[in-house]
$ cat start.txt   # compact mmCIF, C-alpha atoms
# COMPACT_ATOMS: atom_id res chain seq x y z
CA MET A 67 147.26 88.73 78.18
CA LYS A 68 145.33 86.16 80.25
CA THR A 69 146.03 88.24 83.35
CA LEU A 70 144.66 91.36 81.67
CA ILE A 71 141.47 89.59 80.54
CA PHE A 72 141.02 88.05 84.01
CA ALA A 73 141.47 91.46 85.66
CA ALA A 74 138.94 93.04 83.27
CA LEU A 75 136.41 90.29 83.98
CA MET A 76 136.88 90.67 87.73
CA ALA A 77 136.41 94.45 87.52
CA PHE A 78 133.28 94.02 85.38
CA SER A 79 131.73 91.43 87.70
CA SER A 80 132.58 93.57 90.75
CA ALA A 81 130.81 96.53 89.16
CA ILE A 82 127.72 94.42 88.48
CA PHE A 83 127.77 93.00 92.02
CA ALA A 84 128.08 96.48 93.51
CA GLN A 85 125.22 97.75 91.38
CA GLU A 86 122.94 94.85 92.39
CA ASN A 87 123.63 95.49 96.08
CA LYS A 88 122.84 99.20 95.98
CA VAL A 89 119.86 100.23 98.06
CA LYS A 90 116.87 100.63 95.76
CA LYS A 91 114.39 103.48 95.88
CA LEU A 92 110.68 102.85 95.49
CA PRO A 93 109.70 103.01 91.82
CA GLU A 94 106.94 105.19 90.39
CA ALA A 95 103.68 103.50 89.42
CA GLU A 96 99.98 104.28 89.49
CA VAL A 97 97.77 102.05 91.63
CA LYS A 98 94.33 102.53 93.19
CA THR A 99 93.04 103.06 96.69
CA LEU A 100 90.43 100.66 98.06
CA ASP A 101 87.71 103.06 96.94
CA GLY A 102 89.11 103.10 93.38
CA LYS A 103 90.88 106.48 93.37
CA PRO A 104 94.23 106.77 91.55
CA PHE A 105 97.30 106.76 93.80
CA ARG A 106 100.95 107.41 92.87
CA THR A 107 103.45 105.17 94.62
CA SER A 108 105.89 108.09 94.69
CA THR A 109 103.75 109.58 97.46
CA LEU A 110 104.31 106.57 99.74
CA ASN A 111 106.22 107.73 102.80
CA ASN A 112 106.14 107.58 106.56
CA ASP A 113 107.76 110.85 107.65
CA GLY A 114 111.20 109.29 108.12
CA LYS A 115 109.96 106.16 109.90
CA PRO A 116 110.03 102.56 108.63
CA MET A 117 107.43 101.30 106.21
CA VAL A 118 106.44 97.76 105.24
CA ILE A 119 105.02 97.08 101.79
CA SER A 120 103.45 93.66 101.41
CA PHE A 121 102.25 92.36 98.05
CA TRP A 122 99.38 89.89 98.43
CA ALA A 123 96.25 88.49 96.79
CA THR A 124 92.87 87.26 98.02
CA TRP A 125 93.59 83.81 96.57
CA CYS A 126 96.92 83.50 98.45
CA SER A 127 96.49 81.80 101.84
CA PRO A 128 100.06 82.50 103.10
CA CYS A 129 99.58 86.18 102.14
CA LYS A 130 96.39 86.48 104.13
CA ALA A 131 97.87 84.62 107.10
CA GLU A 132 100.89 86.96 107.15
CA LEU A 133 98.81 90.14 106.93
CA ASN A 134 96.31 88.88 109.51
CA ALA A 135 99.22 88.16 111.90
CA ILE A 136 100.63 91.64 111.30
CA SER A 137 97.18 93.14 111.81
CA GLU A 138 96.87 91.53 115.26
CA ASN A 139 99.95 93.44 116.44
CA TYR A 140 99.85 96.50 114.21
CA THR A 141 98.65 99.00 116.84
CA ASP A 142 101.47 97.98 119.20
CA TRP A 143 104.01 98.05 116.37
CA GLN A 144 102.94 101.59 115.48
CA LYS A 145 103.14 102.80 119.08
CA GLU A 146 106.62 101.38 119.56
CA THR A 147 108.21 102.12 116.17
CA GLY A 148 105.93 104.37 114.14
CA VAL A 149 105.95 101.80 111.32
CA LYS A 150 103.43 102.07 108.52
CA VAL A 151 102.18 98.96 106.70
CA VAL A 152 100.87 99.13 103.15
CA ALA A 153 99.28 95.99 101.69
CA VAL A 154 99.26 95.97 97.88
CA SER A 155 96.74 93.59 96.35
CA ILE A 156 97.76 92.13 93.00
CA ASP A 157 94.27 90.76 92.35
CA ASP A 158 93.33 91.40 88.73
CA SER A 159 90.19 93.26 87.65
CA ARG A 160 88.10 90.05 87.87
CA ASN A 161 89.01 89.50 91.54
CA MET A 162 89.51 93.11 92.61
CA GLY A 163 85.94 93.25 93.98
CA LYS A 164 86.87 90.64 96.62
CA VAL A 165 89.59 92.79 98.19
CA ALA A 166 87.55 95.42 100.07
CA PRO A 167 85.09 92.91 101.61
CA TYR A 168 88.02 90.78 102.80
CA VAL A 169 89.94 93.75 104.23
CA ASN A 170 86.85 95.19 105.91
CA GLY A 171 85.92 91.79 107.33
CA ARG A 172 89.35 91.53 108.92
CA ASN A 173 89.38 95.14 110.17
CA TRP A 174 92.89 95.78 108.88
CA GLU A 175 94.07 99.14 110.19
CA PHE A 176 96.81 99.59 107.60
CA ASP A 177 96.57 101.06 104.12
CA VAL A 178 95.53 98.78 101.27
CA LEU A 179 96.24 99.59 97.63
CA LEU A 180 95.09 97.82 94.47
CA ASP A 181 97.48 96.99 91.63
CA PRO A 182 95.14 95.24 89.14
CA ASN A 183 97.40 95.89 86.13
CA GLY A 184 100.54 94.75 87.97
CA ASP A 185 102.45 97.98 87.26
CA PHE A 186 103.82 98.41 90.79
CA LYS A 187 104.38 94.65 91.11
CA ARG A 188 106.53 94.63 87.96
CA ALA A 189 108.38 97.78 88.99
CA MET A 190 109.28 96.12 92.31
CA ASN A 191 110.30 92.86 90.58
CA VAL A 192 107.66 90.85 92.42
CA ASN A 193 107.20 87.49 90.71
CA ASN A 194 104.96 85.78 93.23
CA VAL A 195 103.25 86.53 96.50
CA PRO A 196 103.60 87.00 99.37
CA HIS A 197 106.47 89.39 98.83
CA THR A 198 107.27 91.79 101.66
CA PHE A 199 109.59 94.80 101.58
CA LEU A 200 110.99 96.84 104.46
CA ILE A 201 111.59 100.48 103.54
CA ASN A 202 113.73 102.85 105.57
CA GLY A 203 112.83 106.45 106.39
CA ASN A 204 114.52 107.63 103.18
CA GLY A 205 112.24 105.50 100.99
CA GLN A 206 114.90 102.87 100.25
CA VAL A 207 114.32 99.13 100.22
CA VAL A 208 116.57 97.65 102.93
CA TRP A 209 115.13 94.12 103.21
CA GLN A 210 112.73 91.86 101.38
CA GLN A 211 111.29 88.38 101.68
CA ASN A 212 109.54 86.35 99.02
CA SER A 213 107.64 83.82 101.12
CA SER A 214 105.83 83.57 104.41
CA ALA A 215 105.69 81.09 107.25
CA PRO A 216 104.09 81.33 110.67
CA GLY A 217 106.26 83.52 112.88
CA ASP A 218 107.84 85.50 110.03
CA GLU A 219 106.00 88.58 111.26
CA GLU A 220 108.12 88.45 114.44
CA LYS A 221 111.33 88.48 112.37
CA LEU A 222 109.92 91.41 110.39
CA TYR A 223 109.08 93.28 113.59
CA GLU A 224 112.60 92.76 114.95
CA LEU A 225 113.95 94.33 111.75
CA VAL A 226 111.46 97.21 112.04
CA LYS A 227 112.61 97.85 115.62
CA LYS A 228 116.27 97.89 114.54
CA LEU A 229 115.48 100.28 111.71
CA SER A 230 113.44 102.59 113.93
CA ALA A 231 116.32 102.65 116.43
CA GLY A 232 118.61 103.94 113.68
CA GLN A 233 120.43 100.68 113.10
CA GLU A 234 121.36 99.57 109.61
CA ILE A 235 119.68 96.52 108.07
CA LYS A 236 121.82 94.28 105.93
CA GLU A 237 119.92 91.96 103.65

$ encode --input "start.txt" --output "structure tokens"
Amino acid sequence: MKTLIFAALMAFSSAIFAQENKVKKLPEAEVKTLDGKPFRTSTLNNDGKPMVISFWATWCSPCKAELNAISENYTDWQKETGVKVVAVSIDDSRNMGKVAPYVNGRNWEFDVLLDPNGDFKRAMNVNNVPHTFLINGNGQVVWQQNSSAPGDEEKLYELVKKLSAGQEIKE
């Protein structure tokens, strides 16, 4: 009897582990563009090339440092890999007005979306920022990081290059 219970528990935990390790698709949520127009996250794609989605806020220094570092190299990254970067601000409605001036002042070339209600943030299980996701050409999350330190953008770029070369990324 103990053997049967143990076997059932092992099978159950294996099923849960397998489910947690499945590649996740991007969830559906409504956010806003920088100019306030509604935008459906289901339309996020990069024509089969890698995409980086970075959740950030104007009050988060590590977030801004990470995105500024990415911005410095973004043109080269695009030329080499075709990657698309999407920065999703989680600033609430009180701070949302600070996003566009910051982005414009930094001349970020990548797309910036606003998630003032936190719908996309919750759907992606983002608890704190910075939180960066790497998405493959099929719209599946293949890697994520919930922190940022100087130089992390280089690690991210190495993963983007692997993905763009058709290699698999294992989290």

$ atom_distance --input "start.txt" --atom1 "atom CA of A:Asn112" --atom2 "atom CA of A:Val149"
7.5 Å

$ closest_residue --input "start.txt" --among "A:Thr124, A:Asn111, A:Asn183, A:Ser213" --to "A:Val165" --atoms "all atoms listed in the file"
A:Thr124

$ residues_around --input "start.txt" --residues "A:Thr147" --least-positions-apart "4" --cutoff "7 Å" --atoms "all atoms listed in the file" --output "count of residues only"
3

$ closest_residue --input "start.txt" --among "A:Gly102, A:Pro116, A:Pro216, A:Gly163" --to "A:Lys130" --atoms "all atoms listed in the file"
A:Pro216

$ atom_distance --input "start.txt" --atom1 "atom CA of A:Ala95" --atom2 "atom CA of A:Phe186"
5.3 Å

$ atom_distance --input "start.txt" --atom1 "atom CA of A:Gly232" --atom2 "atom CA of A:Phe105"
29.3 Å

$ closest_residue --input "start.txt" --among "A:Glu175, A:Leu225, A:Gly205, A:Pro167" --to "A:Asn139" --atoms "all atoms listed in the file"
A:Glu175

$ residues_around --input "start.txt" --residues "A:Cys129" --least-positions-apart "2" --cutoff "12 Å" --atoms "all atoms listed in the file" --output "PDB file with C-alpha atoms, in the frame of the given file"
ATOM      1  CA  SER A 120     103.450  93.660 101.410  1.00  0.00           C
ATOM      2  CA  PHE A 121     102.250  92.360  98.050  1.00  0.00           C
ATOM      3  CA  TRP A 122      99.380  89.890  98.430  1.00  0.00           C
ATOM      4  CA  ALA A 123      96.250  88.490  96.790  1.00  0.00           C
ATOM      5  CA  THR A 124      92.870  87.260  98.020  1.00  0.00           C
ATOM      6  CA  TRP A 125      93.590  83.810  96.570  1.00  0.00           C
ATOM      7  CA  CYS A 126      96.920  83.500  98.450  1.00  0.00           C
ATOM      8  CA  SER A 127      96.490  81.800 101.840  1.00  0.00           C
ATOM      9  CA  ALA A 131      97.870  84.620 107.100  1.00  0.00           C
ATOM     10  CA  GLU A 132     100.890  86.960 107.150  1.00  0.00           C
ATOM     11  CA  LEU A 133      98.810  90.140 106.930  1.00  0.00           C
ATOM     12  CA  ASN A 134      96.310  88.880 109.510  1.00  0.00           C
ATOM     13  CA  ALA A 135      99.220  88.160 111.900  1.00  0.00           C
ATOM     14  CA  ILE A 136     100.630  91.640 111.300  1.00  0.00           C
ATOM     15  CA  ALA A 153      99.280  95.990 101.690  1.00  0.00           C
ATOM     16  CA  VAL A 154      99.260  95.970  97.880  1.00  0.00           C
ATOM     17  CA  SER A 155      96.740  93.590  96.350  1.00  0.00           C
ATOM     18  CA  ILE A 156      97.760  92.130  93.000  1.00  0.00           C
ATOM     19  CA  ASN A 194     104.960  85.780  93.230  1.00  0.00           C
ATOM     20  CA  VAL A 195     103.250  86.530  96.500  1.00  0.00           C
ATOM     21  CA  PRO A 196     103.600  87.000  99.370  1.00  0.00           C
ATOM     22  CA  HIS A 197     106.470  89.390  98.830  1.00  0.00           C
ATOM     23  CA  THR A 198     107.270  91.790 101.660  1.00  0.00           C
ATOM     24  CA  GLN A 211     111.290  88.380 101.680  1.00  0.00           C
ATOM     25  CA  ASN A 212     109.540  86.350  99.020  1.00  0.00           C
ATOM     26  CA  SER A 213     107.640  83.820 101.120  1.00  0.00           C
ATOM     27  CA  SER A 214     105.830  83.570 104.410  1.00  0.00           C
ATOM     28  CA  ALA A 215     105.690  81.090 107.250  1.00  0.00           C
ATOM     29  CA  PRO A 216     104.090  81.330 110.670  1.00  0.00           C
ATOM     30  CA  ASP A 218     107.840  85.500 110.030  1.00  0.00           C
ATOM     31  CA  GLU A 219     106.000  88.580 111.260  1.00  0.00           C
TER      32      GLU A 219
END

$ axis_aligned_box --input "start.txt" --around "stretch 195-199 of chain A" --padding-each-side "5 Å" --output "JSON"
{"center_x": 106.4, "center_y": 90.7, "center_z": 99.1, "size_x": 16.3, "size_y": 18.3, "size_z": 15.2}

$ residues_around --input "start.txt" --residues "A:Val118" --least-positions-apart "2" --cutoff "6 Å" --atoms "only C-alpha atoms" --output "list in words"
Val151, Phe199 and Leu200 of chain A

$ write_last_selection --input "start.txt" --atoms "C-alpha atoms" --output "mmCIF file, keeping the file's coordinate frame"
data_model
loop_
_atom_site.group_PDB
_atom_site.id
_atom_site.type_symbol
_atom_site.label_atom_id
_atom_site.label_comp_id
_atom_site.auth_asym_id
_atom_site.auth_seq_id
_atom_site.Cartn_x
_atom_site.Cartn_y
_atom_site.Cartn_z
ATOM 1 C CA VAL A 151 102.180 98.960 106.700
ATOM 2 C CA PHE A 199 109.590 94.800 101.580
ATOM 3 C CA LEU A 200 110.990 96.840 104.460
#

$ closest_residue --input "start.txt" --among "A:Asn202, A:Ser108, A:Asn170, A:Asn191" --to "A:Lys150" --atoms "all atoms listed in the file"
A:Asn202

$ residues_near_point --input "start.txt" --point "(120.0, 99.8, 106.9)" --cutoff "9 Å" --atoms "only C-alpha atoms" --output "PyMOL selection string"
chain A and resi 89+202+206-209+228-229+232-237

$ residues_around --input "start.txt" --residues "A:Val152" --least-positions-apart "4" --cutoff "9 Å" --atoms "only C-alpha atoms" --output "PDB file with C-alpha atoms, keeping the file's coordinate frame"
ATOM      1  CA  LEU A 110     104.310 106.570  99.740  1.00  0.00           C
ATOM      2  CA  MET A 117     107.430 101.300 106.210  1.00  0.00           C
ATOM      3  CA  VAL A 118     106.440  97.760 105.240  1.00  0.00           C
ATOM      4  CA  ILE A 119     105.020  97.080 101.790  1.00  0.00           C
ATOM      5  CA  SER A 120     103.450  93.660 101.410  1.00  0.00           C
ATOM      6  CA  PHE A 121     102.250  92.360  98.050  1.00  0.00           C
ATOM      7  CA  PHE A 176      96.810  99.590 107.600  1.00  0.00           C
ATOM      8  CA  ASP A 177      96.570 101.060 104.120  1.00  0.00           C
ATOM      9  CA  VAL A 178      95.530  98.780 101.270  1.00  0.00           C
ATOM     10  CA  LEU A 179      96.240  99.590  97.630  1.00  0.00           C
TER      11      LEU A 179
END

$ build_atoms --input "start.txt" --residues "stretch 106-117 of chain A" --atoms "all heavy atoms" --output "compact mmCIF listing (two decimals), keeping the file's coordinate frame"
# COMPACT_ATOMS: atom_id res chain seq x y z
N ARG A 106 99.57 107.51 93.38
CA ARG A 106 100.95 107.41 92.87
C ARG A 106 101.85 106.84 93.95
O ARG A 106 101.87 107.35 95.08
CB ARG A 106 101.48 108.78 92.44
CG ARG A 106 100.66 109.54 91.44
CD ARG A 106 100.61 109.00 90.05
NE ARG A 106 101.89 108.79 89.42
CZ ARG A 106 102.03 108.12 88.29
NH1 ARG A 106 100.99 107.62 87.68
NH2 ARG A 106 103.21 107.95 87.76
N THR A 107 102.58 105.80 93.62
CA THR A 107 103.45 105.17 94.62
C THR A 107 104.56 106.11 95.07
O THR A 107 105.12 105.92 96.15
CB THR A 107 104.06 103.87 94.07
OG1 THR A 107 104.79 104.15 92.88
CG2 THR A 107 102.98 102.84 93.80
N SER A 108 104.86 107.13 94.28
CA SER A 108 105.89 108.09 94.69
C SER A 108 105.49 108.87 95.93
O SER A 108 106.33 109.46 96.60
CB SER A 108 106.20 109.07 93.55
OG SER A 108 105.03 109.79 93.21
N THR A 109 104.20 108.86 96.27
CA THR A 109 103.75 109.58 97.46
C THR A 109 103.80 108.71 98.71
O THR A 109 103.49 109.19 99.80
CB THR A 109 102.32 110.13 97.27
OG1 THR A 109 101.42 109.04 97.11
CG2 THR A 109 102.25 111.06 96.07
N LEU A 110 104.18 107.44 98.57
CA LEU A 110 104.31 106.57 99.74
C LEU A 110 105.46 107.05 100.61
O LEU A 110 106.60 107.15 100.16
CB LEU A 110 104.57 105.12 99.33
CG LEU A 110 103.38 104.32 98.83
CD1 LEU A 110 103.85 102.98 98.27
CD2 LEU A 110 102.37 104.11 99.93
N ASN A 111 105.17 107.37 101.85
CA ASN A 111 106.22 107.73 102.80
C ASN A 111 105.66 107.58 104.19
O ASN A 111 104.47 107.38 104.39
CB ASN A 111 106.74 109.15 102.53
CG ASN A 111 105.77 110.21 102.96
OD1 ASN A 111 105.54 110.39 104.16
ND2 ASN A 111 105.19 110.92 102.02
N ASN A 112 106.55 107.70 105.16
CA ASN A 112 106.14 107.58 106.56
C ASN A 112 106.90 108.57 107.42
O ASN A 112 107.33 108.24 108.52
CB ASN A 112 106.32 106.15 107.06
CG ASN A 112 105.61 105.91 108.37
OD1 ASN A 112 104.67 106.61 108.71
ND2 ASN A 112 106.07 104.92 109.11
N ASP A 113 107.11 109.77 106.89
CA ASP A 113 107.76 110.85 107.65
C ASP A 113 109.05 110.40 108.33
O ASP A 113 109.27 110.68 109.51
CB ASP A 113 106.79 111.43 108.68
CG ASP A 113 105.57 112.05 108.02
OD1 ASP A 113 105.72 112.64 106.93
OD2 ASP A 113 104.46 111.93 108.59
N GLY A 114 109.90 109.69 107.60
CA GLY A 114 111.20 109.29 108.12
C GLY A 114 111.19 108.04 108.98
O GLY A 114 112.23 107.65 109.50
N LYS A 115 110.06 107.40 109.11
CA LYS A 115 109.96 106.16 109.90
C LYS A 115 109.86 104.97 108.96
O LYS A 115 109.55 105.12 107.79
CB LYS A 115 108.74 106.23 110.81
CG LYS A 115 108.84 107.33 111.85
CD LYS A 115 107.59 107.36 112.70
CE LYS A 115 107.40 108.75 113.24
NZ LYS A 115 106.12 109.31 112.96
N PRO A 116 110.08 103.76 109.49
CA PRO A 116 110.03 102.56 108.63
C PRO A 116 108.65 102.33 108.03
O PRO A 116 107.63 102.73 108.59
CB PRO A 116 110.37 101.42 109.59
CG PRO A 116 110.94 102.04 110.80
CD PRO A 116 110.43 103.44 110.87
N MET A 117 108.67 101.65 106.90
CA MET A 117 107.43 101.30 106.21
C MET A 117 107.57 99.87 105.67
O MET A 117 108.64 99.48 105.20
CB MET A 117 107.19 102.29 105.05
CG MET A 117 105.88 102.13 104.35
SD MET A 117 105.46 103.52 103.25
CE MET A 117 106.99 103.83 102.38
